[in-house]
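S.K.: Just so it is clear, I am handing over upload_29.cif, which has mmCIF, C-alpha atoms and all ligand atoms.
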```cif
data_entry
loop_
_atom_site.label_atom_id
_atom_site.label_comp_id
_atom_site.auth_asym_id
_atom_site.auth_seq_id
_atom_site.Cartn_x
_atom_site.Cartn_y
_atom_site.Cartn_z
CA MET A 1 43.88 122.14 50.05
CA LYS A 2 42.33 122.45 46.59
CA GLY A 3 41.62 119.27 44.66
CA VAL A 4 43.82 120.39 41.75
CA ILE A 5 46.86 119.84 44.00
CA PHE A 6 45.79 116.21 44.44
CA THR A 7 44.60 115.47 40.90
CA GLU A 8 47.87 116.81 39.48
CA PHE A 9 49.90 114.76 41.93
CA LEU A 10 48.04 111.56 41.09
CA SER A 11 48.29 112.21 37.35
CA MET A 12 52.06 112.66 37.73
CA VAL A 13 52.27 109.35 39.63
CA GLU A 14 50.12 107.65 36.99
CA SER A 15 52.28 108.81 34.08
CA ALA A 16 55.52 107.88 35.83
CA HIS A 17 54.50 104.63 37.58
CA GLY A 18 51.10 103.53 36.23
CA LEU A 19 47.56 103.39 37.54
CA ASP A 20 48.30 100.40 39.80
CA MET A 21 50.74 102.57 41.78
CA VAL A 22 48.05 105.23 42.16
CA ASP A 23 45.68 102.59 43.57
CA THR A 24 48.38 101.19 45.86
CA ILE A 25 49.27 104.51 47.48
CA ILE A 26 45.60 105.53 47.85
CA GLU A 27 44.86 102.23 49.61
CA LYS A 28 47.93 102.45 51.86
CA SER A 29 47.23 106.07 52.79
CA ASP A 30 43.84 105.37 54.41
CA LEU A 31 42.47 108.77 53.40
CA PRO A 32 39.41 110.45 54.95
CA SER A 33 38.35 111.48 51.39
CA GLY A 34 38.89 107.94 50.04
CA GLY A 35 41.09 109.46 47.31
CA ALA A 36 38.18 110.47 45.06
CA TYR A 37 39.39 114.02 44.35
CA THR A 38 37.71 116.59 42.14
CA ALA A 39 39.59 119.69 40.98
CA VAL A 40 37.13 122.06 42.69
CA GLY A 41 36.84 120.19 46.01
CA THR A 42 38.83 120.97 49.17
CA TYR A 43 40.66 118.25 51.14
CA PRO A 44 42.90 118.05 54.22
CA HIS A 45 46.50 118.93 53.26
CA THR A 46 47.67 116.01 55.42
CA GLU A 47 46.35 113.71 52.68
CA ILE A 48 49.03 114.86 50.23
CA VAL A 49 51.65 114.17 52.89
CA SER A 50 50.34 110.58 53.36
CA LEU A 51 50.25 109.97 49.61
CA VAL A 52 53.80 111.26 49.14
CA CYS A 53 55.14 109.24 52.12
CA ASN A 54 53.60 106.05 50.75
CA LEU A 55 54.91 106.71 47.24
CA SER A 56 58.34 107.30 48.75
CA GLU A 57 58.22 103.89 50.43
CA GLU A 58 56.97 102.14 47.31
CA ILE A 59 59.59 103.52 44.92
CA SER A 60 62.42 104.19 47.43
CA VAL A 61 62.82 107.85 46.54
CA PRO A 62 63.21 110.32 49.46
CA VAL A 63 60.12 112.42 50.28
CA PRO A 64 61.85 115.82 49.68
CA ASP A 65 62.94 114.72 46.17
CA LEU A 66 59.36 113.68 45.35
CA LEU A 67 57.92 116.96 46.65
CA LYS A 68 60.39 119.03 44.60
CA ALA A 69 59.68 117.02 41.44
CA TYR A 70 55.99 117.42 42.11
CA GLY A 71 56.25 121.22 42.56
CA GLN A 72 58.15 121.49 39.29
CA HIS A 73 55.50 119.43 37.45
CA LEU A 74 52.69 121.41 39.12
CA PHE A 75 54.09 124.74 37.98
CA HIS A 76 53.83 123.78 34.31
CA ARG A 77 50.23 122.64 34.82
CA LEU A 78 49.29 125.86 36.64
CA ALA A 79 50.99 127.95 33.94
CA ALA A 80 48.96 126.10 31.28
CA SER A 81 45.71 126.58 33.22
CA TYR A 82 46.29 130.29 33.95
CA PRO A 83 48.18 131.65 30.90
CA SER A 84 47.40 135.29 31.76
CA PHE A 85 49.32 134.97 35.06
CA VAL A 86 52.55 133.92 33.39
CA ALA A 87 52.11 136.46 30.57
CA GLN A 88 52.55 139.36 33.06
CA THR A 89 56.31 139.51 32.56
CA ASP A 90 59.16 137.71 30.82
CA ASP A 91 61.51 138.15 33.76
CA PRO A 92 61.56 135.17 36.15
CA LEU A 93 62.47 137.16 39.30
CA GLU A 94 59.78 139.73 38.59
CA PHE A 95 57.38 136.83 38.08
CA LEU A 96 58.30 135.30 41.46
CA GLU A 97 57.70 138.70 43.11
CA LEU A 98 54.23 138.71 41.51
CA VAL A 99 53.21 135.46 43.25
CA GLU A 100 52.48 137.33 46.49
CA THR A 101 51.29 140.66 45.09
CA TYR A 102 49.20 139.46 42.15
CA ILE A 103 48.96 135.72 41.39
CA HIS A 104 47.88 134.35 44.75
CA VAL A 105 45.68 137.46 45.19
CA GLU A 106 43.82 136.46 42.01
CA VAL A 107 43.76 132.80 43.11
CA ARG A 108 42.13 133.92 46.36
CA LYS A 109 39.40 135.74 44.38
CA LEU A 110 38.70 132.56 42.39
CA TYR A 111 38.86 130.25 45.44
CA PRO A 112 38.09 132.15 48.65
CA ASP A 113 38.90 129.02 50.70
CA ALA A 114 42.37 128.50 49.14
CA GLU A 115 45.13 127.78 51.65
CA LEU A 116 47.96 129.90 50.35
CA PRO A 117 51.42 130.65 51.72
CA SER A 118 52.71 134.22 52.05
CA PHE A 119 56.00 135.55 50.70
CA GLU A 120 58.27 138.51 51.43
CA CYS A 121 60.54 139.50 48.59
CA SER A 122 63.57 141.79 48.37
CA ARG A 123 66.75 142.19 46.36
CA PRO A 124 69.17 143.49 49.01
CA ASN A 125 72.43 142.73 47.22
CA ALA A 126 72.02 142.74 43.46
CA PRO A 127 69.25 142.97 40.82
CA ASN A 128 69.80 139.35 39.81
CA GLU A 129 69.55 138.00 43.40
CA LEU A 130 66.04 137.60 44.82
CA HIS A 131 65.47 136.89 48.50
CA MET A 132 62.09 135.22 48.85
CA THR A 133 60.89 134.24 52.33
CA TYR A 134 58.16 131.62 52.37
CA HIS A 135 55.74 131.49 55.31
CA SER A 136 53.22 128.68 55.73
CA VAL A 137 52.01 126.47 58.53
CA ARG A 138 51.69 123.71 55.91
CA HIS A 139 55.47 123.40 55.46
CA MET A 140 55.47 122.87 51.75
CA GLU A 141 58.95 124.34 51.29
CA ASP A 142 60.06 121.47 49.06
CA VAL A 143 56.99 121.94 46.84
CA CYS A 144 57.84 125.65 46.86
CA GLU A 145 61.39 124.94 45.65
CA GLY A 146 59.91 122.80 42.86
CA LEU A 147 57.52 125.62 41.88
CA ILE A 148 60.47 128.06 41.76
CA ARG A 149 62.44 125.60 39.59
CA GLY A 150 59.40 125.16 37.34
CA SER A 151 59.10 128.95 36.96
CA LEU A 152 62.76 129.23 35.93
CA GLU A 153 62.26 126.47 33.37
CA HIS A 154 59.18 128.23 32.04
CA PHE A 155 61.22 131.38 31.35
CA HIS A 156 64.13 129.31 29.98
CA ARG A 157 66.50 130.62 32.64
CA THR A 158 68.83 128.95 35.13
CA ALA A 159 69.67 130.06 38.66
CA ASN A 160 71.43 129.02 41.81
CA ILE A 161 68.94 128.40 44.63
CA LYS A 162 70.08 128.46 48.26
CA ARG A 163 67.76 127.69 51.18
CA GLN A 164 67.95 128.76 54.78
CA SER A 165 65.50 127.92 57.55
CA ILE A 166 64.41 131.12 59.36
CA ASP A 167 62.01 129.75 61.97
CA ASP A 168 59.38 127.03 62.37
CA ASP A 169 57.13 128.33 59.60
CA SER A 170 59.55 130.27 57.41
CA GLU A 171 62.21 129.45 54.86
CA LEU A 172 64.40 131.88 52.92
CA PHE A 173 65.11 131.12 49.26
CA ILE A 174 67.99 133.03 47.69
CA ILE A 175 67.62 132.80 43.93
CA THR A 176 70.59 134.07 41.92
CA LEU A 177 69.86 134.24 38.24
CA ASN A 178 72.57 133.19 35.77
CA ASN A 179 73.08 135.47 32.75
C1 LIG B 1 50.51 130.44 37.58
C2 LIG B 1 51.08 130.47 38.76
C3 LIG B 1 50.44 129.99 40.06
C4 LIG B 1 49.13 129.69 40.37
C5 LIG B 1 47.92 129.73 39.45
C6 LIG B 1 49.11 129.24 41.76
C7 LIG B 1 47.98 128.79 42.43
C8 LIG B 1 48.00 128.09 43.61
C9 LIG B 1 46.89 127.30 44.14
C10 LIG B 1 45.52 127.12 43.46
C11 LIG B 1 47.31 126.75 45.30
C12 LIG B 1 46.53 125.78 46.19
C13 LIG B 1 45.75 126.44 47.29
C14 LIG B 1 45.00 125.38 48.08
O1 LIG B 1 45.25 124.20 47.90
O2 LIG B 1 44.09 125.72 48.86
C15 LIG B 1 48.69 127.18 45.52
C16 LIG B 1 49.45 126.80 46.59
C17 LIG B 1 50.78 127.09 46.71
N1 LIG B 1 51.52 127.97 45.93
FE1 LIG B 1 50.89 128.85 44.21
N2 LIG B 1 50.37 129.33 42.29
C18 LIG B 1 51.21 129.76 41.29
C19 LIG B 1 52.57 129.97 41.38
C20 LIG B 1 53.33 129.71 42.50
C21 LIG B 1 54.77 129.88 42.58
C22 LIG B 1 55.69 130.34 41.45
C23 LIG B 1 55.13 129.54 43.85
C24 LIG B 1 56.52 129.56 44.48
C25 LIG B 1 57.27 130.59 44.52
C26 LIG B 1 53.92 129.14 44.56
C27 LIG B 1 53.87 128.67 45.86
C28 LIG B 1 52.81 127.95 46.38
C29 LIG B 1 52.93 127.03 47.52
C30 LIG B 1 54.23 126.70 48.26
C31 LIG B 1 51.65 126.49 47.73
C32 LIG B 1 51.25 125.40 48.75
C33 LIG B 1 50.46 125.91 49.95
C34 LIG B 1 51.35 126.34 51.12
O3 LIG B 1 52.59 126.20 51.06
O4 LIG B 1 50.80 126.84 52.12
N3 LIG B 1 52.85 129.28 43.72
N4 LIG B 1 49.07 128.02 44.48
#
```
Would you mind writing the file's structure down as structure tokens?
M.R.:
Amino acid sequence: MKGVIFTEFLSMVESAHGLDMVDTIIEKSDLPSGGAYTAVGTYPHTEIVSLVCNLSEEISVPVPDLLKAYGQHLFHRLAASYPSFVAQTDDPLEFLELVETYIHVEVRKLYPDAELPSFECSRPNAPNELHMTYHSVRHMEDVCEGLIRGSLEHFHRTANIKRQSIDDDSELFIITLNN
């Protein structure tokens, strides 16, 4: 997993809970990398899981809530780092459809070793209802929900998000945009 995922997580923890908390969770997590992340490096994705589990214990917030908050924070950082990706459209559902067909394709060109999920998108019932199926062996569906929520915020829109587990590695998100 790319270092940016880790550096953004630790910077979120630092702004919310201070540098001491960052040190505490790095020490408790006993990480192969030692926690010295650089944005361009690549690290085992299990390290983010350890960091989040230890933060959860320290601050008594459930892991899924932390992962969603993190995804939401991460989206705004990614949008700031890659302004041309979010400038493709001003429609949030169209933007979410572009993650699979354009954004992650471009990410893959920049970082050939990126570990990216895949998505299948359709609008079977109505133009304002997107069905987005997430597939990944890394099981970051809570981070994914946070990224979706961050995208909606970015476009100043609200939506109802329903989730349904499809199989071991897949989760369906039904995103119904409010007017
Ligand atoms: C400007 C927009 C975006 C950029 C630049 C971007 C880029 C990236 C990058 C660099 C990674 C890390 C790859 C790695 O660690 O090896 C990643 C992972 C991921 N992205 Fe995106 N992304 C964007 C938008 C989104 C959105 C809107 C979603 C959700 C619908 C999404 C879903 C994910 C998920 C869930 C992962 C974690 C890896 C996994 O689940 O397998 N991304 N993305």
S.K.: So how far away is CA of Val22 in chain A from atom N2 of ligand LIG 1 (chain B), in Å?
M.R.: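 Atom-to-atom, atom N2 of ligand LIG 1 (chain B) and CA of Val22 in chain A are spaced 24.2 Å apart.
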S.K.: Please return as a ChimeraX atom specification the residues found within 6 Å of ligand LIG 1 (chain B), counting all atoms listed in the file.
M.R.: /A:1-2,78-79,82,85-86,96,99,107,114-117,136,138-140,143-144,147-148,151
S.K.: Compare A:Leu98, A:Met12, A:Leu31, A:Ile103 by their minimum atom-to-atom distance to Glu120 in chain A, counting only C-alpha atoms, and give me the closest one.
M.R.: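 Going through A:Leu98, A:Met12, A:Leu31, A:Ile103 one by one, the smallest distance to Glu120 in chain A is for A:Leu98.
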S.K.: Report, in Å with one decimal, the straight-line distance from CA of Lys162 in chain A to CA of Ile174 in chain A.
M.R.: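 These atoms are spaced 5.1 Å apart.
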S.K.: For a test of reading the model, state the distance in Å between CA of Phe6 in chain A and CA of Ser165 in chain A, rounded to one decimal.
M.R.: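 Separating CA of Phe6 in chain A from CA of Ser165 in chain A is a distance of 26.4 Å.
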S.K.: Find the residue from A:Ser11, A:Asn125, A:Ser33, A:Thr89 that sits nearest to Tyr70 in chain A; use all atoms listed in the file when measuring.
M.R.: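 Smallest separation from Tyr70 in chain A among the options: A:Ser11.
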S.K.: Place a sphere of radius 12 Å on (44.7, 114.0, 36.6) in the file coordinates and name every protein, DNA or RNA residue with an atom inside or on its surface, counting all atoms listed in the file; give the answer as a list of chain:residue names.
M.R.: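 I get A:Gly3, A:Val4, A:Ile5, A:Phe6, A:Thr7, A:Glu8, A:Phe9, A:Leu10, A:Ser11, A:Met12, A:Val13, A:Glu14, A:Ser15, A:Leu19, A:Val22, A:Ala36, A:Tyr37, A:Thr38, A:Ala39, A:Leu74, A:Arg77 for the residues within 12 Å of that point.
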S.K.: Rank A:Pro32, A:Gly146, A:Pro92, A:Gly71 by their smallest atom-to-atom distance to Leu177 in chain A, using only C-alpha atoms, and report the top residue only.
M.R.: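 Among the listed residues, A:Pro92 lies closest to Leu177 in chain A.
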S.K.: Taking the partial coordinates given, rebuild range 89-115 of chain A to contain N, CA, C and O atoms; return it as an mmCIF file, in the frame of the given file.
M.R.:
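So the final result, stored in selection12.cif, reads:
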```
data_model
loop_
_atom_site.group_PDB
_atom_site.id
_atom_site.type_symbol
_atom_site.label_atom_id
_atom_site.label_comp_id
_atom_site.auth_asym_id
_atom_site.auth_seq_id
_atom_site.Cartn_x
_atom_site.Cartn_y
_atom_site.Cartn_z
ATOM 1 N N THR A 89 54.920 139.060 32.687
ATOM 2 C CA THR A 89 56.310 139.510 32.560
ATOM 3 C C THR A 89 57.119 138.418 31.868
ATOM 4 O O THR A 89 56.691 137.260 31.847
ATOM 5 N N ASP A 90 58.298 138.781 31.331
ATOM 6 C CA ASP A 90 59.160 137.710 30.820
ATOM 7 C C ASP A 90 60.418 137.567 31.677
ATOM 8 O O ASP A 90 61.365 136.905 31.311
ATOM 9 N N ASP A 91 60.375 138.226 32.839
ATOM 10 C CA ASP A 91 61.510 138.150 33.760
ATOM 11 C C ASP A 91 61.172 137.239 34.935
ATOM 12 O O ASP A 91 60.202 137.491 35.661
ATOM 13 N N PRO A 92 61.935 136.143 35.130
ATOM 14 C CA PRO A 92 61.560 135.170 36.150
ATOM 15 C C PRO A 92 61.551 135.717 37.585
ATOM 16 O O PRO A 92 60.710 135.327 38.385
ATOM 17 N N LEU A 93 62.458 136.642 37.919
ATOM 18 C CA LEU A 93 62.470 137.160 39.300
ATOM 19 C C LEU A 93 61.283 138.088 39.518
ATOM 20 O O LEU A 93 60.650 138.054 40.586
ATOM 21 N N GLU A 94 60.955 138.878 38.495
ATOM 22 C CA GLU A 94 59.780 139.730 38.590
ATOM 23 C C GLU A 94 58.530 138.854 38.735
ATOM 24 O O GLU A 94 57.622 139.156 39.513
ATOM 25 N N PHE A 95 58.516 137.751 37.994
ATOM 26 C CA PHE A 95 57.380 136.830 38.080
ATOM 27 C C PHE A 95 57.244 136.280 39.498
ATOM 28 O O PHE A 95 56.149 136.253 40.070
ATOM 29 N N LEU A 96 58.363 135.864 40.097
ATOM 30 C CA LEU A 96 58.300 135.300 41.460
ATOM 31 C C LEU A 96 57.813 136.358 42.452
ATOM 32 O O LEU A 96 57.071 136.047 43.382
ATOM 33 N N GLU A 97 58.199 137.620 42.246
ATOM 34 C CA GLU A 97 57.700 138.700 43.110
ATOM 35 C C GLU A 97 56.181 138.862 42.968
ATOM 36 O O GLU A 97 55.494 139.247 43.914
ATOM 37 N N LEU A 98 55.670 138.558 41.766
ATOM 38 C CA LEU A 98 54.230 138.710 41.510
ATOM 39 C C LEU A 98 53.374 137.626 42.174
ATOM 40 O O LEU A 98 52.157 137.776 42.254
ATOM 41 N N VAL A 99 54.004 136.540 42.628
ATOM 42 C CA VAL A 99 53.210 135.460 43.250
ATOM 43 C C VAL A 99 52.450 136.010 44.453
ATOM 44 O O VAL A 99 51.250 135.802 44.589
ATOM 45 N N GLU A 100 53.134 136.789 45.299
ATOM 46 C CA GLU A 100 52.480 137.330 46.490
ATOM 47 C C GLU A 100 51.556 138.506 46.174
ATOM 48 O O GLU A 100 50.460 138.609 46.707
ATOM 49 N N THR A 101 52.018 139.399 45.281
ATOM 50 C CA THR A 101 51.290 140.660 45.090
ATOM 51 C C THR A 101 50.177 140.551 44.055
ATOM 52 O O THR A 101 49.286 141.393 44.024
ATOM 53 N N TYR A 102 50.221 139.540 43.197
ATOM 54 C CA TYR A 102 49.200 139.460 42.150
ATOM 55 C C TYR A 102 48.618 138.050 41.983
ATOM 56 O O TYR A 102 47.397 137.862 42.080
ATOM 57 N N ILE A 103 49.478 137.045 41.785
ATOM 58 C CA ILE A 103 48.960 135.720 41.390
ATOM 59 C C ILE A 103 48.109 135.091 42.488
ATOM 60 O O ILE A 103 46.949 134.730 42.263
ATOM 61 N N HIS A 104 48.672 134.963 43.685
ATOM 62 C CA HIS A 104 47.880 134.350 44.750
ATOM 63 C C HIS A 104 46.696 135.238 45.165
ATOM 64 O O HIS A 104 45.702 134.752 45.682
ATOM 65 N N VAL A 105 46.808 136.557 44.913
ATOM 66 C CA VAL A 105 45.680 137.460 45.190
ATOM 67 C C VAL A 105 44.513 137.094 44.255
ATOM 68 O O VAL A 105 43.357 136.993 44.673
ATOM 69 N N GLU A 106 44.851 136.854 42.989
ATOM 70 C CA GLU A 106 43.820 136.460 42.010
ATOM 71 C C GLU A 106 43.280 135.066 42.330
ATOM 72 O O GLU A 106 42.090 134.796 42.187
ATOM 73 N N VAL A 107 44.183 134.172 42.747
ATOM 74 C CA VAL A 107 43.760 132.800 43.110
ATOM 75 C C VAL A 107 42.744 132.875 44.251
ATOM 76 O O VAL A 107 41.719 132.190 44.244
ATOM 77 N N ARG A 108 43.022 133.764 45.200
ATOM 78 C CA ARG A 108 42.130 133.920 46.360
ATOM 79 C C ARG A 108 40.736 134.419 45.935
ATOM 80 O O ARG A 108 39.730 134.005 46.491
ATOM 81 N N LYS A 109 40.700 135.269 44.879
ATOM 82 C CA LYS A 109 39.400 135.740 44.380
ATOM 83 C C LYS A 109 38.621 134.588 43.757
ATOM 84 O O LYS A 109 37.409 134.506 43.881
ATOM 85 N N LEU A 110 39.360 133.697 43.053
ATOM 86 C CA LEU A 110 38.700 132.560 42.390
ATOM 87 C C LEU A 110 38.265 131.508 43.410
ATOM 88 O O LEU A 110 37.209 130.902 43.283
ATOM 89 N N TYR A 111 39.133 131.274 44.409
ATOM 90 C CA TYR A 111 38.860 130.250 45.440
ATOM 91 C C TYR A 111 39.027 130.886 46.817
ATOM 92 O O TYR A 111 40.123 130.850 47.393
ATOM 93 N N PRO A 112 37.958 131.454 47.358
ATOM 94 C CA PRO A 112 38.090 132.150 48.650
ATOM 95 C C PRO A 112 38.596 131.240 49.767
ATOM 96 O O PRO A 112 39.178 131.733 50.734
ATOM 97 N N ASP A 113 38.433 129.928 49.638
ATOM 98 C CA ASP A 113 38.900 129.020 50.700
ATOM 99 C C ASP A 113 40.302 128.476 50.431
ATOM 100 O O ASP A 113 40.743 127.570 51.139
ATOM 101 N N ALA A 114 41.027 129.018 49.440
ATOM 102 C CA ALA A 114 42.370 128.500 49.140
ATOM 103 C C ALA A 114 43.298 128.681 50.339
ATOM 104 O O ALA A 114 43.219 129.693 51.043
ATOM 105 N N GLU A 115 44.147 127.690 50.568
ATOM 106 C CA GLU A 115 45.130 127.780 51.650
ATOM 107 C C GLU A 115 46.474 128.137 51.033
ATOM 108 O O GLU A 115 47.176 127.278 50.520
#
```
